Amino acid sequence: MEIFIKEKRYRVPFKSVTLLKALYHIKSYQDQSLTFESNCRSGVCGACAVRINGREALACSTKIKSGDKIEPLKYHKVLKDLKVERVEKDRLKNSTAWLKEYREVEVTPKDVELTERQSDCILCSSCYSACPVLEVNPNFIGPFALTKAYRYILDTRENSIKSTIDNIQSNGIWDCTLCGECSAVCPQNIDPKMDILKLRGEASKFGYLDPNFMNLSFNSYNI
Amino acid sequence: MIDVLIIGSGGAGLTAGLSAKEQDLEVLIVGKNHATSSQTTMAQGGINSALGNITPDSIELHIKDTMKSAHGLCDINMIKRVCQNGPDTIEWLDRLGVPFNRTKDNKIAQRGLGGASSKRACYAQDYTGLKILHTLYDSCLRENIQIEDDYFLLNLIVEDKIVKGATFFNIKTGEVEQILAKKIVIATGGYGAIYKNYTTNATNSTGDGIASVLRAGGKVSDMEFIQFHPTALKHSSILISESARGEGGYLVNSKGERFIDELLPRDVVARAIYNQIHTLHQDVFLDLRHLGREKLLKLMPQEVHLSKIHEGIDPADELIPIKPVAHYTMGGIDVNSNLEVNGLKNCYAIGECSNAKIHGANRLGGNSLLEIISLGRFVAKELSKDLRDYSVSDIHLKRDTEYIESIFNRDSFSKNFYQLEANLGEKFYKYAGIKRENSQLNLLLDKIEDMKLSINDIGIVDKSREHNSNLIDFLQFLNLLDIGEIIVKSAIKRDESRGAHYKIGYPKEDSRYLGNFLFWRENGEIKSQFRGVK
């Protein structure tokens, strides 16, 4: 079959193969300069996310077909070929997604279940690449950093929810359009859109209101 | 000069970084990959601690099980330290926010793993390593610990046996840099990648730290001890977790016959499968069909997904073709009880790259995560002692810059090192794998020596400076060659079978070999020594 990597055509001698295996083959035997990232080969290290025909996917967990077009993730600076500059460190620092103040509390199985899906995140950045908000607002914190923030807000051991809520107001939960593209591409079946919606609910408990709604009412009133 | 340089940003490195910060030390963590893409993410089963939350347990039992599995090649005091630290380790992780599963009465849940006399492994679904690593990472961000990706370790900077820093190839800029520090921690992971295409390990588990210690004159030990996991997918070597057998999966051959108690220790099951494949010329399969689709999807959705993607089969309806492959490297950098590298000062090794004599001849599931966290915390206390600045010659940086230049300038080579690496992986699997024989090991050693002699016949095609993964692959391959030579030499010396090391013609443990083979380099020559277990 043949595939296109950033518009360059490569032939690979496989009928059925994961993209990662094809990339290894190309690098070993056809083009040693081809640059991409990978490590675990089994969908947990989050290193090999790319776009296949415009859709985010993990190279190690996705089979390709002839004619597929492979591109690097969007909204990341492309360093070389499919390798991009990672954004997770900055974004997680923006959303301050960590346990801030531990409190001694009995944790129930239900409490753990609350954060089970969110804590499955492998930081592959697929959701970030799929998010159309970043097209218009490069400062948007993005889906995974908000999901991670929600994971710690839900954690019953956290004694300081408010500061996290404060930190995700600007370029955060209210900037999301709730289009659901992030949830559609997540290889771990996490649903950042729903997490962001729930974060809005949490924020309202601390007196925050949807700034878009406020603008809208204000405009309507003027008319 | 910063206080502490940690090389490697997996679970061990991040733990050491966090703990050093708790001691108010200035810390820099560097790694060749992103912190959250390290091998630690792949640990599924759990982290051992004798909490006794499910079944009665005690620290003594944990120590006993670990010692039994080590087959004598252990330091009892190290095992005691790690096992005794188990409960405290879990509490520390819990306080950072690791989402451990809970029991009905709100205790941390624990599951049984092979070789454990109680349900001892604390877990977070099948993502224990992933969730621990990400929580450590989040905590490092909270503490504002500097973590730099894309730093590939070249050499330790050693003067008068004192390690004063290390040189790195900065993958982003394409320049050689040196980082100086009062204390250095190596946490660079294992060397399973030498079994290329025959290992469950991440492709970057190339033992870079171990190779750097060898080049620096430090010692390594027990390098021949490599654990093979019985059930990896046949064509991709992707791991199918032990839980598949734990839940009642069968192992069958081409005739559909079961041939072994599936729940025996990993080394025994791996050898039984090896016999079926290589002696009886059978294919071997994992049969999960009788468990039913519903149960499979509920209990092991990851395994179902991986079988579909990598083998093109649905485990609910079809047999899963498997083979045993390399899974964990017990040997590594020889360290003393303070985790300081044997033969070097101011330099420590933790995690899979280190041989702290806990796992010995065979590692127990759940003990490696315990080791990386408990000893990652322990080492921080050592780091704060006797901190001082050193003067350092610029000769190291100059030498390594020239070395990298020489690789870039090498044009007339005829061999493809990727092909050699694949070839080496296959040969290691065949000749230094589950069953070993001296004549074959000697042939393999010849092969490695041939490769080393013709090193000028390989090189890099990509000459770009920035983000040159071709160069990194090449340097990793050179590291694997150095390590491979020691693995084989050590395996040749051990004329017995003990734990994961099985030698044809010597099927039993021999008390004369109750000890570690140490290897180091001196004046360009490889030296070795046998050290009996005290």
# chains A, B, ... in the order shown; residues from 1 in each chain; ligands from 1
$ closest_atom_pairs --of "chain B" --to "chain A" --cutoff "7 Å" --atoms "only C-alpha atoms" --output "CSV"
residue,atom,partner,partner_atom,distance
B:Thr36,CA,A:Cys45,CA,6.5
B:Ser37,CA,A:Cys45,CA,4.1
B:Ser38,CA,A:Cys45,CA,6.7
B:Gln39,CA,A:Cys40,CA,7.0
B:Thr41,CA,A:Cys45,CA,6.1
B:Met42,CA,A:Val44,CA,6.6
B:Arg95,CA,A:Tyr102,CA,6.2
B:Leu96,CA,A:Leu99,CA,6.5
B:Gly97,CA,A:Leu99,CA,6.2
B:Pro99,CA,A:Val112,CA,6.1
B:Asn101,CA,A:Val112,CA,6.2
B:Arg102,CA,A:Pro109,CA,4.8
B:Thr103,CA,A:Pro109,CA,6.4
B:Lys104,CA,A:Pro109,CA,6.6
B:Asn106,CA,A:Thr108,CA,4.8
B:Lys131,CA,A:Ser119,CA,6.6
B:Asp138,CA,A:Trp98,CA,5.3
B:Ser139,CA,A:Trp98,CA,6.2
B:Leu141,CA,A:Lys93,CA,6.7
B:Arg142,CA,A:Trp98,CA,6.5
B:Asn201,CA,A:Cys40,CA,6.9
B:Ala202,CA,A:Cys40,CA,4.3
B:Thr203,CA,A:Asn39,CA,5.3
B:Asn204,CA,A:Asn39,CA,6.1
B:Ile238,CA,A:Ser42,CA,6.7
B:Ile309,CA,A:Ser61,CA,6.6
B:Tyr418,CA,A:Ser28,CA,5.4
B:Val461,CA,A:Gln32,CA,6.2
B:Asp462,CA,A:Ser33,CA,4.9
B:His467,CA,A:Lys80,CA,6.6
B:Ser469,CA,A:Thr35,CA,6.2
B:Asn470,CA,A:Gln32,CA,6.0
$ residues_around --residues "B:Lys219" --least-positions-apart "2" --cutoff "6 Å" --atoms "only C-alpha atoms" --output "PyMOL selection string"
chain B and resi 334+342+519-520
$ write_last_selection --atoms "C-alpha atoms" --output "PDB file, in the first residue's frame"
ATOM      1  CA  ASP B 334      25.440  -2.139  40.835  1.00  0.00           C
ATOM      2  CA  ASN B 342      29.606   0.911  42.722  1.00  0.00           C
ATOM      3  CA  PHE B 519      31.298  -6.303  35.138  1.00  0.00           C
ATOM      4  CA  TRP B 520      33.149  -3.065  34.496  1.00  0.00           C
TER       5      TRP B 520
END
$ select_by_dssp --residues "chain A" --states "helix (DSSP H, G or I)" --output "count of residues only"
92
$ residues_around --residues "stretch 191-197 of chain A" --least-positions-apart "6" --cutoff "7 Å" --atoms "only C-alpha atoms" --output "PyMOL selection string"
chain A and resi 143-144+146-147+150+173+178+180+182-183
$ residues_around --residues "B:Gly312" --least-positions-apart "2" --cutoff "12 Å" --atoms "only C-alpha atoms" --output "number ranges by chain"
A: 16-18, 62-63; B: 233-236, 304-310, 314-315, 317-321
$ residues_around --residues "B:Lys435" --least-positions-apart "3" --cutoff "9 Å" --atoms "only C-alpha atoms" --output "ChimeraX atom specification"
/B:271,274,430-432,501-504
$ write_last_selection --atoms "C-alpha atoms" --output "compact mmCIF listing (two decimals), in the first residue's frame"
# COMPACT_ATOMS: atom_id res chain seq x y z
CA ARG B 271 9.66 -22.21 29.51
CA TYR B 274 8.99 -22.21 24.70
CA LYS B 430 16.97 -17.16 20.18
CA TYR B 431 20.31 -17.48 21.94
CA ALA B 432 20.10 -15.37 25.10
CA HIS B 501 18.24 -17.68 33.74
CA TYR B 502 17.94 -21.22 32.38
CA LYS B 503 20.92 -22.98 30.87
CA ILE B 504 20.68 -26.21 28.92
$ closest_residue --among "B:Asn468, B:Ser393, B:Thr135, B:Asn456" --to "B:Lys415" --atoms "only C-alpha atoms"
B:Asn456
$ closest_residue --among "B:Ile455, B:Met300, B:Ile162, B:Leu383" --to "B:Asn416" --atoms "only C-alpha atoms"
B:Ile455
$ residues_around --residues "B:Ala124" --least-positions-apart "2" --cutoff "6 Å" --atoms "only C-alpha atoms" --output "PDB file with C-alpha atoms, in the first residue's frame"
ATOM      1  CA  PHE B 100      -6.349   3.797  43.999  1.00  0.00           C
ATOM      2  CA  ASN B 101      -9.409   1.582  43.847  1.00  0.00           C
ATOM      3  CA  TYR B 127      -3.782   1.571  34.734  1.00  0.00           C
ATOM      4  CA  THR B 128      -1.803   1.565  37.975  1.00  0.00           C
TER       5      THR B 128
END
$ atom_distance --atom1 "atom CA of B:Glu224" --atom2 "atom CA of B:Asn336"
19.4 Å
$ select_by_dssp --residues "stretch 70-138 of chain A" --states "strand (DSSP E or B)" --output "list in words"
Ile70, Glu71, Val78, Leu79, Lys80, Lys83, Val84 and Tyr102 of chain A
$ atom_distance --atom1 "atom CA of A:Val133" --atom2 "atom CA of A:Lys205"
25.2 Å
$ residues_around --residues "A:Lys8" --least-positions-apart "3" --cutoff "10 Å" --atoms "only C-alpha atoms" --output "MDAnalysis selection string"
chainID A and resid 3:5 69:70
$ write_last_selection --atoms "N, CA and C atoms" --output "PDB file, in the first residue's frame"
ATOM      1  N   ILE A   3       1.142   5.338   1.430  1.00  0.00           N
ATOM      2  CA  ILE A   3       0.559   6.364   2.296  1.00  0.00           C
ATOM      3  C   ILE A   3       1.300   7.676   2.048  1.00  0.00           C
ATOM      4  N   PHE A   4       0.668   8.750   2.473  1.00  0.00           N
ATOM      5  CA  PHE A   4       1.263  10.072   2.278  1.00  0.00           C
ATOM      6  C   PHE A   4       1.542  10.694   3.641  1.00  0.00           C
ATOM      7  N   ILE A   5       2.795  11.029   3.865  1.00  0.00           N
ATOM      8  CA  ILE A   5       3.144  11.682   5.124  1.00  0.00           C
ATOM      9  C   ILE A   5       3.541  13.111   4.800  1.00  0.00           C
ATOM     10  N   LYS A  69      -3.666   9.799   4.387  1.00  0.00           N
ATOM     11  CA  LYS A  69      -2.818  10.983   4.496  1.00  0.00           C
ATOM     12  C   LYS A  69      -2.502  11.236   5.975  1.00  0.00           C
ATOM     13  N   ILE A  70      -1.216  11.264   6.275  1.00  0.00           N
ATOM     14  CA  ILE A  70      -0.778  11.396   7.670  1.00  0.00           C
ATOM     15  C   ILE A  70      -0.184  12.790   7.874  1.00  0.00           C
TER      16      ILE A  70
END
$ atom_distance --atom1 "atom CA of A:Leu20" --atom2 "atom CA of B:Lys323"
21.1 Å
$ closest_residue --among "B:Glu421, B:Lys385, B:Ile395, B:Thr55" --to "B:Asn479" --atoms "only C-alpha atoms"
B:Glu421
$ closest_residue --among "B:Ile407, B:Leu136, B:Val252, B:Ala272" --to "B:Asp287" --atoms "only C-alpha atoms"
B:Val252
